[in-house]
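A.B. asks: Could you have a look at this structure, given as structure tokens, before my questions?
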Amino acid sequence: MKLLKVQEVLDAEVVGGLEWIDREVETVCGADLMSDVLAFTKESTLLLTGLTNIQVVRTAEMSDLVGIVFVRGKRPSPELIELARMKNIPLLVTQHSLFESCGRLYSNDLKSCDLL
Amino acid sequence: MSGGQEIILEFELHAAIFDVAGEASSKIKRVLQQIGVRADVIRRIAISAYEGEMNTIIHSLGGTMRVVIFPERTEIILEDIGPGIADINLAMQEGYSTAPDYVREMGFGAGMGLPNMARCTDKFDIQSAVGVGTKIMMVVFH
């Protein structure tokens, strides 16, 4: 599924990296624990998180994530948006909760990143 | 050895400075991309370096990360001054952590760092002396 479709499914706003909205999302991870993201995701995974500190972008950069969705209407700082822009990482904000967001994407045939 | 073809990168890591935490690992990743190392290999090196960089910033009083990129492998050496690790076997267990709450609020300190570094690398060695510091050596083959 393309990020553009994710945006539609989550009623999300693109707050950074609009030029990468055509990227393909293969799997999804919902987590506030960046250690788990680093340990268990694979590339082309979309991260859904309630955390908005700068380490979320670092984690996405190191793990080759396809983008970040901030849930529950949490808005990243201008510093985070600027770092993500430099790292070519698109950012979305949805008003939906983490559970609701995961459920909507799962219902649209997106699967979890491999936990093994 | 590889006849002087290696690239050496050295970084100072400062305790509890989180706004630039990850800069060193980011630089390592860029260099590996420039010399054309495979993306899945770069990912393992970047994750190991980043976990190590965060660990040093979180737990030590400061340290260094030295990275030597050979044509067929990358070596990462992290050395810090700090409290050290009393029980390395315990520290290597997933879920064991001594990180303070403010680190957990950033999404770290879940006790996944060391095991994840060991999992992502081909060679992993850790030595530590309580009250002195910790040294970690990792190798990833390209």
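Chain labels run A, B, ... following the order of the structure tokens; each chain numbers its residues from 1, and ligands are numbered from 1 in the order shown.
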Show me which bits of chain A are within 6 Å of chain B, counting only C-alpha atoms, as a list in words.
C.D. replies: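 Here is what falls inside 6 Å: Asp32, Leu33, Met34, Ser35, Ala39 and Met62 of chain A.
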A.B. asks: Would you mind exporting C-alpha atoms of the selected residues as a compact mmCIF listing (two decimals), in the first residue's frame?
C.D. replies:
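Saved result, part25.txt, follows:
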```txt
# COMPACT_ATOMS: atom_id res chain seq x y z
CA ASP A 32 6.45 3.65 21.65
CA LEU A 33 9.52 1.59 22.41
CA MET A 34 12.27 2.51 19.96
CA SER A 35 14.43 -0.37 21.20
CA ALA A 39 15.27 -4.94 17.21
CA MET A 62 18.91 3.57 11.14
```
A.B. asks: Show which residues sit within 8 Å of Leu3 of chain A, as a PyMOL selection string. Count only C-alpha atoms, and ignore same-chain residues fewer than 2 positions away.
C.D. replies: chain A and resi 1+5-7+21-25
A.B. asks: I want to know what sits within 12 Å of Lys74 of chain A, based on only C-alpha atoms, with residues of the same chain fewer than 6 positions away left out; could you give that as a PDB file with N, CA and C atoms, in the first residue's frame?
C.D. replies:
```
ATOM      1  N   ALA A  12      -5.149  11.209   7.827  1.00  0.00           N
ATOM      2  CA  ALA A  12      -3.932  11.836   8.358  1.00  0.00           C
ATOM      3  C   ALA A  12      -3.529  13.081   7.561  1.00  0.00           C
ATOM      4  N   GLU A  13      -2.760  13.893   8.230  1.00  0.00           N
ATOM      5  CA  GLU A  13      -2.188  15.087   7.621  1.00  0.00           C
ATOM      6  C   GLU A  13      -0.700  14.826   7.396  1.00  0.00           C
ATOM      7  N   VAL A  15       2.827  16.150   7.505  1.00  0.00           N
ATOM      8  CA  VAL A  15       3.495  17.319   8.091  1.00  0.00           C
ATOM      9  C   VAL A  15       4.957  17.420   7.659  1.00  0.00           C
ATOM     10  N   LEU A  48       4.085   3.538  13.492  1.00  0.00           N
ATOM     11  CA  LEU A  48       3.037   4.316  14.153  1.00  0.00           C
ATOM     12  C   LEU A  48       3.454   4.488  15.601  1.00  0.00           C
ATOM     13  N   THR A  49       3.498   5.727  16.079  1.00  0.00           N
ATOM     14  CA  THR A  49       3.983   5.935  17.443  1.00  0.00           C
ATOM     15  C   THR A  49       3.342   7.155  18.083  1.00  0.00           C
ATOM     16  N   GLY A  50       3.338   7.148  19.413  1.00  0.00           N
ATOM     17  CA  GLY A  50       2.874   8.304  20.167  1.00  0.00           C
ATOM     18  C   GLY A  50       4.023   9.147  20.682  1.00  0.00           C
ATOM     19  N   LEU A  51       5.232   8.733  20.392  1.00  0.00           N
ATOM     20  CA  LEU A  51       6.410   9.484  20.834  1.00  0.00           C
ATOM     21  C   LEU A  51       6.772  10.539  19.785  1.00  0.00           C
ATOM     22  N   THR A  52       7.203  11.701  20.248  1.00  0.00           N
ATOM     23  CA  THR A  52       7.582  12.747  19.285  1.00  0.00           C
ATOM     24  C   THR A  52       8.977  13.302  19.571  1.00  0.00           C
ATOM     25  N   ASN A  53       9.824  12.530  20.222  1.00  0.00           N
ATOM     26  CA  ASN A  53      11.184  13.041  20.422  1.00  0.00           C
ATOM     27  C   ASN A  53      12.056  12.710  19.202  1.00  0.00           C
ATOM     28  N   ILE A  68       6.892   7.766   9.236  1.00  0.00           N
ATOM     29  CA  ILE A  68       6.419   7.770  10.625  1.00  0.00           C
ATOM     30  C   ILE A  68       5.024   8.397  10.667  1.00  0.00           C
ATOM     31  N   LEU A  91       6.505  12.300   7.254  1.00  0.00           N
ATOM     32  CA  LEU A  91       5.841  12.338   8.559  1.00  0.00           C
ATOM     33  C   LEU A  91       4.351  12.607   8.385  1.00  0.00           C
ATOM     34  N   LEU A  92       3.525  11.810   9.071  1.00  0.00           N
ATOM     35  CA  LEU A  92       2.085  12.016   9.046  1.00  0.00           C
ATOM     36  C   LEU A  92       1.578  12.165  10.476  1.00  0.00           C
ATOM     37  N   VAL A  93       0.471  12.894  10.637  1.00  0.00           N
ATOM     38  CA  VAL A  93      -0.179  13.012  11.936  1.00  0.00           C
ATOM     39  C   VAL A  93      -1.637  12.588  11.775  1.00  0.00           C
ATOM     40  N   THR A  94      -2.075  11.658  12.635  1.00  0.00           N
ATOM     41  CA  THR A  94      -3.491  11.262  12.643  1.00  0.00           C
ATOM     42  C   THR A  94      -4.085  11.547  14.013  1.00  0.00           C
ATOM     43  N   GLN A  95      -5.372  11.890  14.029  1.00  0.00           N
ATOM     44  CA  GLN A  95      -6.056  12.108  15.308  1.00  0.00           C
ATOM     45  C   GLN A  95      -6.435  10.775  15.966  1.00  0.00           C
ATOM     46  N   HIS A  96      -6.409   9.701  15.208  1.00  0.00           N
ATOM     47  CA  HIS A  96      -6.816   8.405  15.747  1.00  0.00           C
ATOM     48  C   HIS A  96      -5.779   7.865  16.745  1.00  0.00           C
ATOM     49  N   SER A  97      -6.239   6.976  17.616  1.00  0.00           N
ATOM     50  CA  SER A  97      -5.344   6.346  18.596  1.00  0.00           C
ATOM     51  C   SER A  97      -4.443   5.325  17.898  1.00  0.00           C
ATOM     52  N   LEU A  98      -3.467   4.843  18.635  1.00  0.00           N
ATOM     53  CA  LEU A  98      -2.564   3.816  18.085  1.00  0.00           C
ATOM     54  C   LEU A  98      -3.363   2.552  17.729  1.00  0.00           C
TER      55      LEU A  98
END
```
A.B. asks: Do you know which residues are at most 9 Å from Pro71 of chain B counting only C-alpha atoms, after dropping those on the same chain fewer than 5 positions away, and could you put them as an mmCIF file with N, CA and C atoms, in the first residue's frame?
C.D. replies:
```cif
data_model
loop_
_atom_site.group_PDB
_atom_site.id
_atom_site.type_symbol
_atom_site.label_atom_id
_atom_site.label_comp_id
_atom_site.auth_asym_id
_atom_site.auth_seq_id
_atom_site.Cartn_x
_atom_site.Cartn_y
_atom_site.Cartn_z
ATOM 1 N N SER B 2 44.254 -4.949 5.040
ATOM 2 C CA SER B 2 43.792 -4.739 3.677
ATOM 3 C C SER B 2 44.671 -3.762 2.898
ATOM 4 N N GLN B 5 43.551 0.247 2.768
ATOM 5 C CA GLN B 5 42.326 0.696 2.113
ATOM 6 C C GLN B 5 41.227 1.055 3.104
ATOM 7 N N GLU B 6 41.517 0.903 4.387
ATOM 8 C CA GLU B 6 40.437 1.100 5.346
ATOM 9 C C GLU B 6 40.129 2.585 5.573
ATOM 10 N N VAL B 37 28.315 -0.299 0.155
ATOM 11 C CA VAL B 37 28.049 -1.534 0.915
ATOM 12 C C VAL B 37 26.554 -1.873 0.775
ATOM 13 N N HIS B 142 30.763 -7.612 5.369
ATOM 14 C CA HIS B 142 29.959 -6.979 4.303
ATOM 15 C C HIS B 142 29.374 -8.018 3.364
#
```
A.B. asks: Just want the 10 Å neighbourhood of Cys29 of chain A, counted on only C-alpha atoms, with same-chain residues fewer than 5 positions away dropped. Output as a PyMOL selection string.
C.D. replies: chain A and resi 36-37+40-42+45-49+65+68+102+111-115
A.B. asks: Keeping N, CA and C atoms, export the residues of the selection given above as a JSON list (two decimals), in the first residue's frame.
C.D. replies:
```
[["chain", "number", "residue", "atom", "x", "y", "z"],
["A", 36, "ASP", "N", 12.48, -1.69, 20.61],
["A", 36, "ASP", "CA", 11.78, -2.78, 19.92],
["A", 36, "ASP", "C", 11.76, -2.54, 18.42],
["A", 37, "VAL", "N", 11.60, -1.28, 18.04],
["A", 37, "VAL", "CA", 11.60, -0.95, 16.61],
["A", 37, "VAL", "C", 12.96, -1.31, 16.01],
["A", 40, "PHE", "N", 13.19, -5.31, 15.98],
["A", 40, "PHE", "CA", 12.24, -6.22, 15.34],
["A", 40, "PHE", "C", 11.68, -5.79, 13.99],
["A", 41, "THR", "N", 11.96, -4.58, 13.54],
["A", 41, "THR", "CA", 11.38, -4.20, 12.26],
["A", 41, "THR", "C", 12.30, -4.59, 11.11],
["A", 42, "LYS", "N", 11.75, -4.54, 9.91],
["A", 42, "LYS", "CA", 12.59, -4.67, 8.73],
["A", 42, "LYS", "C", 12.39, -3.43, 7.88],
["A", 45, "THR", "N", 9.17, -0.71, 6.57],
["A", 45, "THR", "CA", 8.13, -0.74, 7.60],
["A", 45, "THR", "C", 7.70, 0.69, 7.91],
["A", 46, "LEU", "N", 6.40, 0.86, 8.11],
["A", 46, "LEU", "CA", 5.85, 2.15, 8.55],
["A", 46, "LEU", "C", 5.72, 2.11, 10.07],
["A", 47, "LEU", "N", 6.20, 3.14, 10.74],
["A", 47, "LEU", "CA", 6.11, 3.20, 12.20],
["A", 47, "LEU", "C", 4.94, 4.08, 12.63],
["A", 48, "LEU", "N", 4.09, 3.54, 13.49],
["A", 48, "LEU", "CA", 3.04, 4.32, 14.15],
["A", 48, "LEU", "C", 3.45, 4.49, 15.60],
["A", 49, "THR", "N", 3.50, 5.73, 16.08],
["A", 49, "THR", "CA", 3.98, 5.93, 17.44],
["A", 49, "THR", "C", 3.34, 7.16, 18.08],
["A", 65, "LEU", "N", 13.22, 2.81, 7.86],
["A", 65, "LEU", "CA", 11.76, 2.79, 7.86],
["A", 65, "LEU", "C", 11.22, 3.67, 6.73],
["A", 68, "ILE", "N", 6.89, 7.77, 9.24],
["A", 68, "ILE", "CA", 6.42, 7.77, 10.62],
["A", 68, "ILE", "C", 5.02, 8.40, 10.67],
["A", 102, "CYS", "N", -3.80, 1.16, 13.94],
["A", 102, "CYS", "CA", -3.33, -0.18, 13.57],
["A", 102, "CYS", "C", -4.49, -0.99, 13.00],
["A", 111, "LYS", "N", 0.09, -5.83, 7.02],
["A", 111, "LYS", "CA", 0.44, -6.80, 8.04],
["A", 111, "LYS", "C", 1.55, -6.27, 8.96],
["A", 112, "SER", "N", 1.70, -6.96, 10.08],
["A", 112, "SER", "CA", 2.72, -6.60, 11.05],
["A", 112, "SER", "C", 4.12, -6.86, 10.49],
["A", 113, "CYS", "N", 5.08, -6.05, 10.94],
["A", 113, "CYS", "CA", 6.46, -6.37, 10.61],
["A", 113, "CYS", "C", 6.80, -7.68, 11.31],
["A", 114, "ASP", "N", 7.66, -8.45, 10.68],
["A", 114, "ASP", "CA", 7.97, -9.79, 11.19],
["A", 114, "ASP", "C", 8.62, -9.72, 12.57],
["A", 115, "LEU", "N", 8.06, -10.41, 13.53],
["A", 115, "LEU", "CA", 8.60, -10.34, 14.89],
["A", 115, "LEU", "C", 9.69, -11.37, 15.14]]
```
A.B. asks: Calculate how many Å separate atom CA of Gly36 of chain B from atom CA of Ile57 of chain B, rounding to one decimal.
C.D. replies: 29.1 Å
A.B. asks: Got a sec to tell me which of chain A DSSP assigns to alpha helix (DSSP H), as a PyMOL selection string?
C.D. replies: chain A and resi 3-9+34-40+54-62+78-86+98-107
A.B. asks: Out of A:Leu110, A:Leu105, A:Leu80, A:Val69, which residue has the shortest atom-to-atom distance to Ile54 of chain A when counting only C-alpha atoms?
C.D. replies: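 Of A:Leu110, A:Leu105, A:Leu80, A:Val69, the one nearest Ile54 of chain A is A:Leu80, counting only C-alpha atoms.
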A.B. asks: Near Ile81 of chain B, within 8 Å and counting only C-alpha atoms, which residues show up once chain neighbours fewer than 4 positions away are dropped, as a VMD selection string?
C.D. replies: chain B and resid 60 to 63 132 to 134
A.B. asks: Produce a file of the selected residues containing C-alpha atoms, as a PDB file, in the first residue's frame.
C.D. replies:
```
ATOM      1  CA  SER B  60      28.507   6.403  30.794  1.00  0.00           C
ATOM      2  CA  LEU B  61      30.288   9.607  31.695  1.00  0.00           C
ATOM      3  CA  GLY B  62      31.459   9.881  28.103  1.00  0.00           C
ATOM      4  CA  GLY B  63      33.341   7.823  25.598  1.00  0.00           C
ATOM      5  CA  VAL B 132      36.140   2.183  35.353  1.00  0.00           C
ATOM      6  CA  GLY B 133      34.195   1.697  32.135  1.00  0.00           C
ATOM      7  CA  THR B 134      33.076  -0.573  29.352  1.00  0.00           C
TER       8      THR B 134
END
```
A.B. asks: Using DSSP on the backbone, list every residue of chain B that comes out as strand (DSSP E), and give them as a VMD selection string.
C.D. replies: chain B and resid 7 to 13 63 to 69 73 to 81 123 to 129 133 to 141
A.B. asks: Just to be explicit: take each residue in the selection above, keep N, CA and C atoms, and write the result as a tab-separated table (two decimals), in the first residue's frame.
C.D. replies:
```
chain	number	residue	atom	x	y	z
B	7	ILE	N	38.89	2.83	5.96
B	7	ILE	CA	38.43	4.17	6.33
B	7	ILE	C	38.23	4.17	7.84
B	8	ILE	N	38.80	5.17	8.51
B	8	ILE	CA	38.68	5.23	9.97
B	8	ILE	C	37.84	6.44	10.36
B	9	LEU	N	36.83	6.21	11.19
B	9	LEU	CA	35.98	7.30	11.69
B	9	LEU	C	36.03	7.26	13.21
B	10	GLU	N	36.21	8.43	13.81
B	10	GLU	CA	36.26	8.48	15.27
B	10	GLU	C	35.32	9.56	15.78
B	11	PHE	N	34.59	9.22	16.84
B	11	PHE	CA	33.61	10.16	17.38
B	11	PHE	C	33.74	10.23	18.90
B	12	GLU	N	33.61	11.45	19.42
B	12	GLU	CA	33.50	11.64	20.87
B	12	GLU	C	32.03	11.57	21.23
B	13	LEU	N	31.71	10.80	22.26
B	13	LEU	CA	30.32	10.71	22.70
B	13	LEU	C	30.20	11.31	24.10
B	63	GLY	N	32.52	8.85	26.22
B	63	GLY	CA	33.34	7.82	25.60
B	63	GLY	C	33.62	8.12	24.14
B	64	THR	N	34.12	7.10	23.45
B	64	THR	CA	34.44	7.26	22.04
B	64	THR	C	33.87	6.09	21.25
B	65	MET	N	33.59	6.37	19.99
B	65	MET	CA	33.24	5.29	19.06
B	65	MET	C	34.23	5.38	17.90
B	66	ARG	N	34.93	4.30	17.68
B	66	ARG	CA	35.91	4.23	16.60
B	66	ARG	C	35.44	3.18	15.61
B	67	VAL	N	35.33	3.58	14.37
B	67	VAL	CA	34.82	2.68	13.34
B	67	VAL	C	35.87	2.53	12.25
B	68	VAL	N	36.20	1.30	11.93
B	68	VAL	CA	37.16	1.04	10.86
B	68	VAL	C	36.45	0.24	9.79
B	69	ILE	N	36.37	0.83	8.61
B	69	ILE	CA	35.67	0.19	7.50
B	69	ILE	C	36.70	-0.40	6.55
B	73	ARG	N	34.71	-5.85	5.74
B	73	ARG	CA	34.08	-5.84	7.06
B	73	ARG	C	34.14	-4.44	7.67
B	74	THR	N	33.26	-4.21	8.66
B	74	THR	CA	33.30	-2.98	9.45
B	74	THR	C	33.48	-3.36	10.92
B	75	GLU	N	34.43	-2.69	11.57
B	75	GLU	CA	34.64	-2.90	13.00
B	75	GLU	C	34.20	-1.66	13.76
B	76	ILE	N	33.50	-1.88	14.86
B	76	ILE	CA	33.06	-0.77	15.72
B	76	ILE	C	33.61	-1.01	17.11
B	77	ILE	N	34.33	-0.03	17.63
B	77	ILE	CA	34.87	-0.14	18.99
B	77	ILE	C	34.33	1.02	19.82
B	78	LEU	N	33.56	0.67	20.84
B	78	LEU	CA	33.02	1.67	21.76
B	78	LEU	C	33.77	1.55	23.08
B	79	GLU	N	34.27	2.68	23.56
B	79	GLU	CA	34.98	2.67	24.84
B	79	GLU	C	34.48	3.82	25.68
B	80	ASP	N	34.09	3.53	26.91
B	80	ASP	CA	33.62	4.63	27.74
B	80	ASP	C	34.25	4.62	29.12
B	81	ILE	N	34.13	5.77	29.75
B	81	ILE	CA	34.49	5.92	31.15
B	81	ILE	C	33.17	5.99	31.91
B	123	LYS	N	30.48	-10.54	15.05
B	123	LYS	CA	31.30	-10.77	16.24
B	123	LYS	C	30.95	-9.69	17.25
B	124	PHE	N	30.80	-10.08	18.50
B	124	PHE	CA	30.44	-9.13	19.55
B	124	PHE	C	31.21	-9.50	20.80
B	125	ASP	N	31.95	-8.53	21.33
B	125	ASP	CA	32.71	-8.79	22.55
B	125	ASP	C	32.54	-7.61	23.49
B	126	ILE	N	32.29	-7.89	24.76
B	126	ILE	CA	32.11	-6.82	25.74
B	126	ILE	C	32.96	-7.10	26.96
B	127	GLN	N	33.68	-6.07	27.38
B	127	GLN	CA	34.48	-6.16	28.59
B	127	GLN	C	34.14	-4.96	29.45
B	128	SER	N	34.05	-5.18	30.76
B	128	SER	CA	33.68	-4.06	31.61
B	128	SER	C	34.32	-4.21	32.98
B	129	ALA	N	34.68	-3.07	33.56
B	129	ALA	CA	35.20	-3.06	34.92
B	129	ALA	C	34.39	-2.05	35.72
B	133	GLY	N	34.83	1.48	33.43
B	133	GLY	CA	34.19	1.70	32.14
B	133	GLY	C	33.94	0.41	31.39
B	134	THR	N	33.48	0.58	30.16
B	134	THR	CA	33.08	-0.57	29.35
B	134	THR	C	33.67	-0.44	27.96
B	135	LYS	N	34.06	-1.58	27.39
B	135	LYS	CA	34.56	-1.59	26.01
B	135	LYS	C	33.80	-2.66	25.23
B	136	ILE	N	33.29	-2.25	24.09
B	136	ILE	CA	32.55	-3.17	23.23
B	136	ILE	C	33.20	-3.20	21.86
B	137	MET	N	33.44	-4.39	21.34
B	137	MET	CA	33.99	-4.54	20.00
B	137	MET	C	33.03	-5.35	19.15
B	138	MET	N	32.69	-4.81	17.98
B	138	MET	CA	31.74	-5.50	17.10
B	138	MET	C	32.32	-5.56	15.69
B	139	VAL	N	32.01	-6.64	15.01
B	139	VAL	CA	32.43	-6.78	13.61
B	139	VAL	C	31.22	-7.22	12.78
B	140	VAL	N	31.03	-6.56	11.66
B	140	VAL	CA	30.01	-6.99	10.70
B	140	VAL	C	30.71	-7.22	9.36
B	141	PHE	N	30.56	-8.40	8.81
B	141	PHE	CA	31.13	-8.70	7.48
B	141	PHE	C	30.19	-8.19	6.39
```
A.B. asks: Report the distance between atom CA of Glu82 of chain A and atom CA of Glu43 of chain A in Å, rounded to one decimal place.
C.D. replies: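 One can read the atom CA of Glu82 of chain A to atom CA of Glu43 of chain A distance as 21.9 Å.
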